[in-house]
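Trainee: The file below is query35.pdb, PDB, C-alpha atoms:
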```
ATOM      1  CA  MET A   1     -23.262  -8.055 -15.299
ATOM      2  CA  MET A   2     -20.103  -8.717 -17.335
ATOM      3  CA  SER A   3     -17.888  -8.006 -14.315
ATOM      4  CA  LYS A   4     -19.722 -10.730 -12.410
ATOM      5  CA  ILE A   5     -19.191 -13.235 -15.225
ATOM      6  CA  ILE A   6     -15.499 -12.272 -15.380
ATOM      7  CA  SER A   7     -15.165 -12.750 -11.611
ATOM      8  CA  PHE A   8     -16.859 -16.135 -11.743
ATOM      9  CA  ILE A   9     -14.780 -17.374 -14.693
ATOM     10  CA  SER A  10     -11.528 -16.058 -13.181
ATOM     11  CA  GLY A  11     -12.332 -17.919  -9.969
ATOM     12  CA  ILE A  12     -12.987 -21.170 -11.807
ATOM     13  CA  ILE A  13      -9.776 -20.898 -13.859
ATOM     14  CA  PHE A  14      -7.796 -20.039 -10.726
ATOM     15  CA  GLY A  15      -9.203 -23.131  -9.016
ATOM     16  CA  VAL A  16      -8.353 -25.313 -12.022
ATOM     17  CA  GLY A  17      -4.785 -23.944 -11.963
ATOM     18  CA  LEU A  18      -4.448 -24.806  -8.268
ATOM     19  CA  SER A  19      -5.695 -28.327  -9.058
ATOM     20  CA  VAL A  20      -3.431 -28.897 -12.083
ATOM     21  CA  SER A  21      -0.368 -27.707 -10.151
ATOM     22  CA  ASN A  22      -1.629 -29.567  -7.050
ATOM     23  CA  MET A  23      -0.960 -26.454  -4.961
ATOM     24  CA  ILE A  24      -4.396 -27.163  -3.504
ATOM     25  CA  ASN A  25      -2.646 -29.941  -1.584
ATOM     26  CA  PRO A  26      -1.047 -28.780   1.721
ATOM     27  CA  GLU A  27       1.304 -31.773   1.635
ATOM     28  CA  LYS A  28       2.687 -30.510  -1.676
ATOM     29  CA  VAL A  29       3.251 -26.995  -0.315
ATOM     30  CA  LEU A  30       4.891 -28.306   2.866
ATOM     31  CA  GLY A  31       7.272 -30.185   0.575
ATOM     32  CA  PHE A  32       8.362 -26.839  -0.834
ATOM     33  CA  LEU A  33       8.920 -25.365   2.612
ATOM     34  CA  ASP A  34      11.094 -28.339   3.608
ATOM     35  CA  LEU A  35      14.117 -26.814   1.880
ATOM     36  CA  PHE A  36      16.786 -28.611   3.865
ATOM     37  CA  GLY A  37      14.975 -31.944   4.071
ATOM     38  CA  GLN A  38      12.895 -33.576   1.354
ATOM     39  CA  TRP A  39      12.550 -30.567  -0.910
ATOM     40  CA  ASP A  40       9.909 -30.269  -3.640
ATOM     41  CA  PRO A  41      10.687 -27.146  -5.733
ATOM     42  CA  SER A  42       7.382 -27.334  -7.692
ATOM     43  CA  LEU A  43       5.964 -24.129  -6.159
ATOM     44  CA  ILE A  44       8.697 -22.083  -7.846
ATOM     45  CA  PHE A  45       7.538 -23.402 -11.211
ATOM     46  CA  VAL A  46       3.943 -22.477 -10.420
ATOM     47  CA  MET A  47       5.023 -18.929  -9.596
ATOM     48  CA  MET A  48       7.134 -18.739 -12.747
ATOM     49  CA  GLY A  49       4.272 -19.956 -14.931
ATOM     50  CA  ALA A  50       1.852 -17.443 -13.430
ATOM     51  CA  ILE A  51       4.282 -14.518 -13.573
ATOM     52  CA  ILE A  52       5.376 -15.231 -17.154
ATOM     53  CA  VAL A  53       1.738 -14.922 -18.208
ATOM     54  CA  SER A  54       0.651 -12.019 -16.021
ATOM     55  CA  ALA A  55       3.694  -9.730 -15.963
ATOM     56  CA  PRO A  56       3.606  -8.769 -19.682
ATOM     57  CA  VAL A  57      -0.137  -8.155 -19.492
ATOM     58  CA  PHE A  58       0.208  -5.905 -16.430
ATOM     59  CA  PHE A  59       2.969  -4.063 -18.227
ATOM     60  CA  LEU A  60       0.900  -3.519 -21.377
ATOM     61  CA  PHE A  61      -2.450  -2.743 -19.780
ATOM     62  CA  ARG A  62      -1.856  -0.856 -16.542
ATOM     63  CA  ASN A  63      -1.423   2.467 -18.346
ATOM     64  CA  LYS A  64      -4.433   1.947 -20.598
ATOM     65  CA  ASN A  65      -7.441   4.116 -19.799
ATOM     66  CA  LYS A  66      -9.697   1.548 -18.266
ATOM     67  CA  PRO A  67     -10.436  -2.152 -17.985
ATOM     68  CA  LEU A  68     -13.164  -3.714 -20.140
ATOM     69  CA  PHE A  69     -15.913  -3.883 -17.533
ATOM     70  CA  ALA A  70     -14.959  -1.432 -14.785
ATOM     71  CA  ASP A  71     -14.312   2.285 -14.509
ATOM     72  CA  ASN A  72     -10.632   2.111 -13.686
ATOM     73  CA  PHE A  73      -7.721  -0.103 -12.732
ATOM     74  CA  ALA A  74      -7.440  -0.615  -8.986
ATOM     75  CA  ILE A  75      -3.767  -1.184  -8.275
ATOM     76  CA  PRO A  76      -2.243  -0.605  -4.820
ATOM     77  CA  THR A  77      -0.044   2.469  -5.014
ATOM     78  CA  ARG A  78       2.221   1.661  -2.085
ATOM     79  CA  LYS A  79       5.731   1.111  -3.399
ATOM     80  CA  SER A  80       7.826   1.017  -0.260
ATOM     81  CA  ILE A  81       7.967  -1.732   2.330
ATOM     82  CA  ASP A  82       6.275  -0.647   5.556
ATOM     83  CA  LYS A  83       5.952  -2.107   9.035
ATOM     84  CA  ASN A  84       2.525  -3.637   8.420
ATOM     85  CA  LEU A  85       3.787  -5.465   5.356
ATOM     86  CA  ILE A  86       6.681  -7.001   7.295
ATOM     87  CA  ILE A  87       4.667  -7.949  10.403
ATOM     88  CA  GLY A  88       1.731  -9.193   8.331
ATOM     89  CA  SER A  89       3.799 -11.239   5.918
ATOM     90  CA  GLY A  90       5.747 -12.750   8.802
ATOM     91  CA  THR A  91       2.568 -13.768  10.618
ATOM     92  CA  PHE A  92       1.117 -15.133   7.409
ATOM     93  CA  GLY A  93       4.330 -17.053   6.743
ATOM     94  CA  ILE A  94       4.225 -18.767  10.133
ATOM     95  CA  GLY A  95       0.614 -19.880   9.602
ATOM     96  CA  TRP A  96       1.343 -20.972   6.041
ATOM     97  CA  GLY A  97       4.322 -23.052   7.159
ATOM     98  CA  MET A  98       2.376 -24.770   9.952
ATOM     99  CA  VAL A  99      -0.147 -26.459   7.679
ATOM    100  CA  GLY A 100       0.771 -25.678   4.065
ATOM    101  CA  PHE A 101      -2.391 -23.696   3.390
ATOM    102  CA  CYS A 102      -2.592 -20.160   2.063
ATOM    103  CA  PRO A 103      -5.966 -18.482   1.357
ATOM    104  CA  GLY A 104      -6.413 -19.515  -2.313
ATOM    105  CA  PRO A 105      -5.796 -23.241  -1.927
ATOM    106  CA  ALA A 106      -7.646 -23.320   1.415
ATOM    107  CA  ILE A 107     -10.830 -21.884  -0.118
ATOM    108  CA  SER A 108     -10.467 -23.978  -3.263
ATOM    109  CA  SER A 109      -9.998 -27.167  -1.250
ATOM    110  CA  LEU A 110     -13.477 -26.749   0.247
ATOM    111  CA  ALA A 111     -14.449 -28.516  -2.986
ATOM    112  CA  LEU A 112     -12.817 -31.695  -1.671
ATOM    113  CA  LEU A 113     -15.131 -31.738   1.354
ATOM    114  CA  ASN A 114     -12.367 -32.148   3.904
ATOM    115  CA  THR A 115     -13.401 -31.117   7.412
ATOM    116  CA  TYR A 116      -9.968 -29.687   8.148
ATOM    117  CA  SER A 117     -10.266 -27.299   5.195
ATOM    118  CA  VAL A 118     -13.518 -26.017   6.643
ATOM    119  CA  PHE A 119     -11.914 -25.453  10.042
ATOM    120  CA  PHE A 120      -8.965 -23.696   8.453
ATOM    121  CA  VAL A 121     -11.154 -21.370   6.378
ATOM    122  CA  LEU A 122     -13.400 -20.542   9.339
ATOM    123  CA  SER A 123     -10.343 -19.725  11.477
ATOM    124  CA  MET A 124      -8.958 -17.580   8.670
ATOM    125  CA  LEU A 125     -12.228 -15.633   8.465
ATOM    126  CA  GLY A 126     -12.016 -15.308  12.262
ATOM    127  CA  GLY A 127      -8.523 -13.861  11.817
ATOM    128  CA  PHE A 128      -9.834 -11.294   9.318
ATOM    129  CA  LEU A 129     -12.634 -10.198  11.635
ATOM    130  CA  LEU A 130     -10.424 -10.173  14.735
ATOM    131  CA  THR A 131      -7.876  -7.942  12.985
ATOM    132  CA  LYS A 132     -10.612  -5.593  11.818
ATOM    133  CA  LEU A 133     -11.942  -5.402  15.372
ATOM    134  CA  VAL A 134      -8.511  -4.788  16.938
ATOM    135  CA  ASP A 135      -7.701  -2.342  14.165
ATOM    136  CA  ARG A 136     -10.774  -0.335  15.029
ATOM    137  CA  ILE A 137     -10.121  -0.310  18.787
ATOM    138  CA  ILE A 138      -6.361   0.080  19.131
ATOM    139  CA  ILE A 139      -4.650   1.220  15.962
ATOM    140  CA  PRO A 140      -5.595   4.678  14.693
ATOM    141  CA  THR A 141      -6.683   4.687  11.073
ATOM    142  CA  GLN A 142      -4.010   5.642   8.597
TER     143      GLN A 142
ATOM    144  CA  MET B   1      18.888 -31.323   0.538
ATOM    145  CA  ASN B   2      17.064 -34.078  -1.353
ATOM    146  CA  ILE B   3      14.729 -33.173  -4.177
ATOM    147  CA  VAL B   4      11.586 -35.313  -4.041
ATOM    148  CA  ASN B   5       8.097 -35.356  -5.563
ATOM    149  CA  PHE B   6       9.192 -32.668  -8.026
ATOM    150  CA  THR B   7       6.572 -32.105 -10.759
ATOM    151  CA  PRO B   8       7.902 -29.220 -12.863
ATOM    152  CA  GLN B   9       5.615 -29.682 -15.902
ATOM    153  CA  SER B  10       2.275 -29.817 -14.090
ATOM    154  CA  ALA B  11       3.455 -27.049 -11.743
ATOM    155  CA  PHE B  12       4.439 -24.770 -14.613
ATOM    156  CA  PHE B  13       1.289 -25.545 -16.592
ATOM    157  CA  GLY B  14      -0.885 -24.981 -13.513
ATOM    158  CA  GLY B  15       0.953 -21.709 -12.945
ATOM    159  CA  ILE B  16       0.169 -20.576 -16.492
ATOM    160  CA  ILE B  17      -3.514 -21.327 -15.863
ATOM    161  CA  ILE B  18      -3.419 -19.288 -12.633
ATOM    162  CA  GLY B  19      -1.726 -16.490 -14.593
ATOM    163  CA  LEU B  20      -4.586 -16.606 -17.113
ATOM    164  CA  ALA B  21      -7.109 -16.201 -14.293
ATOM    165  CA  VAL B  22      -5.119 -13.225 -12.999
ATOM    166  CA  ILE B  23      -5.030 -11.459 -16.384
ATOM    167  CA  ILE B  24      -8.696 -12.124 -17.213
ATOM    168  CA  PHE B  25      -9.662 -10.617 -13.852
ATOM    169  CA  PHE B  26      -7.316  -7.700 -14.444
ATOM    170  CA  ILE B  27      -8.243  -6.864 -18.043
ATOM    171  CA  GLY B  28     -11.948  -7.430 -17.383
ATOM    172  CA  ASN B  29     -12.457  -5.905 -13.948
ATOM    173  CA  GLY B  30      -9.271  -3.920 -13.453
ATOM    174  CA  ARG B  31      -8.465  -5.639 -10.185
ATOM    175  CA  LEU B  32      -5.735  -7.856  -8.819
ATOM    176  CA  ALA B  33      -6.741 -11.439  -8.116
ATOM    177  CA  GLY B  34      -5.389 -11.567  -4.579
ATOM    178  CA  VAL B  35      -7.460 -14.216  -2.866
ATOM    179  CA  SER B  36      -7.051 -12.998   0.734
ATOM    180  CA  GLY B  37      -8.220  -9.518  -0.274
ATOM    181  CA  ILE B  38     -11.194 -10.857  -2.219
ATOM    182  CA  VAL B  39     -12.295 -13.100   0.653
ATOM    183  CA  ASN B  40     -11.763 -10.390   3.250
ATOM    184  CA  ASP B  41     -13.663  -7.819   1.182
ATOM    185  CA  THR B  42     -16.557 -10.214   0.701
ATOM    186  CA  LEU B  43     -16.741 -10.424   4.466
ATOM    187  CA  VAL B  44     -16.396  -6.771   5.439
ATOM    188  CA  SER B  45     -17.058  -4.572   2.405
ATOM    189  CA  LYS B  46     -20.182  -3.902   0.377
ATOM    190  CA  GLN B  47     -18.150  -2.762  -2.602
ATOM    191  CA  ASN B  48     -18.072  -5.380  -5.397
ATOM    192  CA  ARG B  49     -19.469  -7.919  -2.970
ATOM    193  CA  THR B  50     -21.281  -9.991  -5.602
ATOM    194  CA  ASP B  51     -18.197 -10.004  -7.852
ATOM    195  CA  ASN B  52     -16.025 -11.118  -4.965
ATOM    196  CA  PHE B  53     -18.450 -13.765  -3.856
ATOM    197  CA  LEU B  54     -18.719 -15.168  -7.392
ATOM    198  CA  PHE B  55     -14.932 -15.352  -7.621
ATOM    199  CA  ILE B  56     -14.910 -17.451  -4.442
ATOM    200  CA  VAL B  57     -17.683 -19.717  -5.741
ATOM    201  CA  GLY B  58     -15.663 -20.180  -8.935
ATOM    202  CA  LEU B  59     -12.553 -20.950  -6.913
ATOM    203  CA  VAL B  60     -14.390 -23.805  -5.205
ATOM    204  CA  LEU B  61     -15.952 -25.034  -8.451
ATOM    205  CA  GLY B  62     -12.578 -25.120 -10.254
ATOM    206  CA  PRO B  63     -11.303 -28.345  -8.650
ATOM    207  CA  ILE B  64     -14.742 -29.961  -9.076
ATOM    208  CA  PHE B  65     -14.783 -29.227 -12.825
ATOM    209  CA  TYR B  66     -11.166 -30.325 -13.147
ATOM    210  CA  ALA B  67     -11.753 -33.650 -11.369
ATOM    211  CA  PHE B  68     -14.993 -34.212 -13.291
ATOM    212  CA  PHE B  69     -13.596 -33.618 -16.773
ATOM    213  CA  THR B  70     -10.160 -35.206 -16.344
ATOM    214  CA  LYS B  71     -11.319 -38.064 -14.101
ATOM    215  CA  ILE B  72      -8.211 -37.343 -12.036
ATOM    216  CA  ASN B  73      -8.378 -37.793  -8.305
ATOM    217  CA  ILE B  74      -6.708 -34.649  -6.948
ATOM    218  CA  PRO B  75      -3.991 -35.640  -4.458
ATOM    219  CA  PHE B  76      -4.813 -34.042  -1.118
ATOM    220  CA  LEU B  77      -3.378 -34.703   2.310
ATOM    221  CA  ILE B  78      -3.475 -32.797   5.579
ATOM    222  CA  THR B  79      -1.402 -34.314   8.351
ATOM    223  CA  SER B  80      -1.658 -31.466  10.872
ATOM    224  CA  SER B  81      -3.798 -31.795  13.996
ATOM    225  CA  LEU B  82      -6.962 -29.761  14.484
ATOM    226  CA  PRO B  83      -5.482 -27.283  17.020
ATOM    227  CA  ILE B  84      -2.612 -26.608  14.606
ATOM    228  CA  ILE B  85      -5.070 -26.154  11.713
ATOM    229  CA  ILE B  86      -7.116 -23.640  13.672
ATOM    230  CA  SER B  87      -4.068 -21.702  14.933
ATOM    231  CA  ALA B  88      -2.604 -21.618  11.426
ATOM    232  CA  GLY B  89      -5.894 -20.410   9.971
ATOM    233  CA  PHE B  90      -5.984 -17.550  12.469
ATOM    234  CA  LEU B  91      -2.372 -16.576  11.764
ATOM    235  CA  VAL B  92      -2.968 -16.645   7.996
ATOM    236  CA  GLY B  93      -6.108 -14.523   8.397
ATOM    237  CA  ILE B  94      -4.436 -11.981  10.694
ATOM    238  CA  GLY B  95      -1.193 -11.887   8.693
ATOM    239  CA  THR B  96      -2.766 -11.421   5.265
ATOM    240  CA  LYS B  97      -5.101  -8.760   6.649
ATOM    241  CA  ILE B  98      -2.263  -6.755   8.232
ATOM    242  CA  GLY B  99       0.124  -7.343   5.320
ATOM    243  CA  ARG B 100      -2.678  -6.806   2.782
ATOM    244  CA  GLY B 101      -1.949  -9.826   0.641
ATOM    245  CA  CYS B 102      -1.142 -13.504   0.407
ATOM    246  CA  THR B 103       0.668 -15.718  -2.082
ATOM    247  CA  SER B 104      -1.522 -14.690  -5.019
ATOM    248  CA  GLY B 105      -1.651 -10.966  -4.255
ATOM    249  CA  HIS B 106       1.970 -10.355  -3.285
ATOM    250  CA  GLY B 107       3.637 -13.380  -4.825
ATOM    251  CA  ILE B 108       2.063 -13.397  -8.256
ATOM    252  CA  CYS B 109       0.450  -9.979  -8.830
ATOM    253  CA  GLY B 110       3.027  -8.058  -6.802
ATOM    254  CA  ILE B 111       6.033  -9.547  -8.513
ATOM    255  CA  SER B 112       4.355  -9.206 -11.909
ATOM    256  CA  LEU B 113       3.646  -5.535 -11.264
ATOM    257  CA  LEU B 114       7.070  -4.904  -9.823
ATOM    258  CA  SER B 115       8.497  -6.407 -12.975
ATOM    259  CA  GLN B 116       7.344  -3.295 -14.801
ATOM    260  CA  GLU B 117       9.709  -1.253 -12.670
ATOM    261  CA  VAL B 118      12.382  -3.892 -13.165
ATOM    262  CA  VAL B 119      11.872  -3.837 -16.941
ATOM    263  CA  GLN B 120      12.048  -0.035 -16.961
ATOM    264  CA  VAL B 121      15.250  -0.101 -14.933
ATOM    265  CA  VAL B 122      16.776  -2.670 -17.274
ATOM    266  CA  MET B 123      15.646  -0.778 -20.399
ATOM    267  CA  GLY B 124      16.922   2.471 -18.943
ATOM    268  CA  PHE B 125      20.218   0.803 -18.223
ATOM    269  CA  VAL B 126      20.456  -0.561 -21.795
ATOM    270  CA  VAL B 127      19.653   2.881 -23.252
ATOM    271  CA  LEU B 128      22.328   4.464 -21.041
ATOM    272  CA  VAL B 129      24.889   1.928 -22.181
ATOM    273  CA  PHE B 130      23.986   2.498 -25.843
ATOM    274  CA  CYS B 131      24.080   6.282 -25.546
ATOM    275  CA  ARG B 132      27.554   6.303 -24.118
TER     276      ARG B 132
END
```
Would you write the structure of this file as structure tokens?

Mentor:
Amino acid sequence: MMSKIISFISGIIFGVGLSVSNMINPEKVLGFLDLFGQWDPSLIFVMMGAIIVSAPVFFLFRNKNKPLFADNFAIPTRKSIDKNLIIGSGTFGIGWGMVGFCPGPAISSLALLNTYSVFFVLSMLGGFLLTKLVDRIIIPTQ
Amino acid sequence: MNIVNFTPQSAFFGGIIIGLAVIIFFIGNGRLAGVSGIVNDTLVSKQNRTDNFLFIVGLVLGPIFYAFFTKINIPFLITSSLPIIISAGFLVGIGTKIGRGCTSGHGICGISLLSQEVVQVVMGFVVLVFCR
């Protein structure tokens, strides 16, 4: 029960953070990607704010026995950069740069009842399912 | 390069709030608040499905609460055409699935976790220098 409350509250706070920083706004994000034109460096400050808060906590807690409401910490163990990470991040980057939406802001912006957000999120879910399907057919499991 | 529309204070403050969400999720549930992973898992995995779904519901409620309590109209503008939106959505879905992470997972959690290694390297370096 507590883990569900934590998830819900974390989601709300995350959404508030995206609103306060206006990263929910694709126009704002596109401004960041326009480095050699009309550049808006705000995104860097969002990342800095988030990392300054989370990095010390990760450092202090990751070697503790267990989280408050779960059996163990689930942290990806992969340390090296592999092919999937490069191809995936590149593909993600192209999509991100086209519209200015990444998954968090896209989902959060459903709150603003914009039809385009809905289309984006549905396509993104389609991308997830398509990759899962292709993964199952072509690429052998790791 | 011209710097325009730069809002460092609200960006930094918003970032701190996002960081809080990340650490509450981590200390409470032991997981990284990577949004693409949470959304994808809700779709394809039974594990923690309710947790993941509630996170997503919260993510959508966040802007509503914010706009309601601050009476601020959240600036929001999409200028892309529908075909571009749909193509971009697909690419973001495929890319984050293959790369296992998006801005929140890799950008915030990844860098924050990596910083532990960075801190250890720096501390190790300092110790080496002092021992010499």

Trainee: For atom CA of B:Ile94 and atom CA of A:Cys102, quote the distance in Å rounded to one decimal.

Mentor: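 Separating atom CA of B:Ile94 from atom CA of A:Cys102 is a distance of 12.0 Å.
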
Trainee: Name the residues in contact with B:Val60 at a cut-off of 12 Å, using all atoms listed in the file, excluding same-chain residues fewer than 6 positions from it; report them as a list in words.

Mentor: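 Contacts, in chain order: Phe8, Ile9, Ser10, Gly11, Ile12, Ile13, Phe14, Gly15, Val16, Gly17, Leu18, Ser19, Ile24, Pro103, Gly104, Pro105, Ala106, Ile107, Ser108, Ser109, Leu110, Ala111, Leu112, Leu113 and Ser117 of chain A; Phe53, Leu54, Tyr66 and Ala67 of chain B.
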
Trainee: Step by step, gather every atom of stretch 49-67 of chain A that the file lists, find the box along x, y and z that holds them, add 8 Å on each side, and finally give centre and edge lengths in Å to one decimal, as lines of an AutoDock Vina configuration file.

Mentor:
```
center_x = -2.5
center_y = -7.9
center_z = -17.4
size_x = 31.8
size_y = 40.1
size_z = 23.9
```

Trainee: Using all atoms listed in the file, can you tell me which of B:Ser36, B:Ile23, B:Leu77, B:Lys71 comes closest to A:Leu60?

Mentor: B:Ile23

Trainee: Please find the residues of chain A near chain B - the criterion being any atom within 6 Å, counting only C-alpha atoms - and write them as a ChimeraX atom specification.

Mentor: /A:3-4,7-8,10-17,19-21,25,27,36-40,42,45-47,49-51,53-55,59,67-70,73-74,84-85,88-89,91-92,95,103-104,108,111,120,123-124,127-128,131

Trainee: Any idea what the distance is between atom CA of A:Lys64 and atom CA of B:Ser45?

Mentor: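 It comes out at 27.0 Å.
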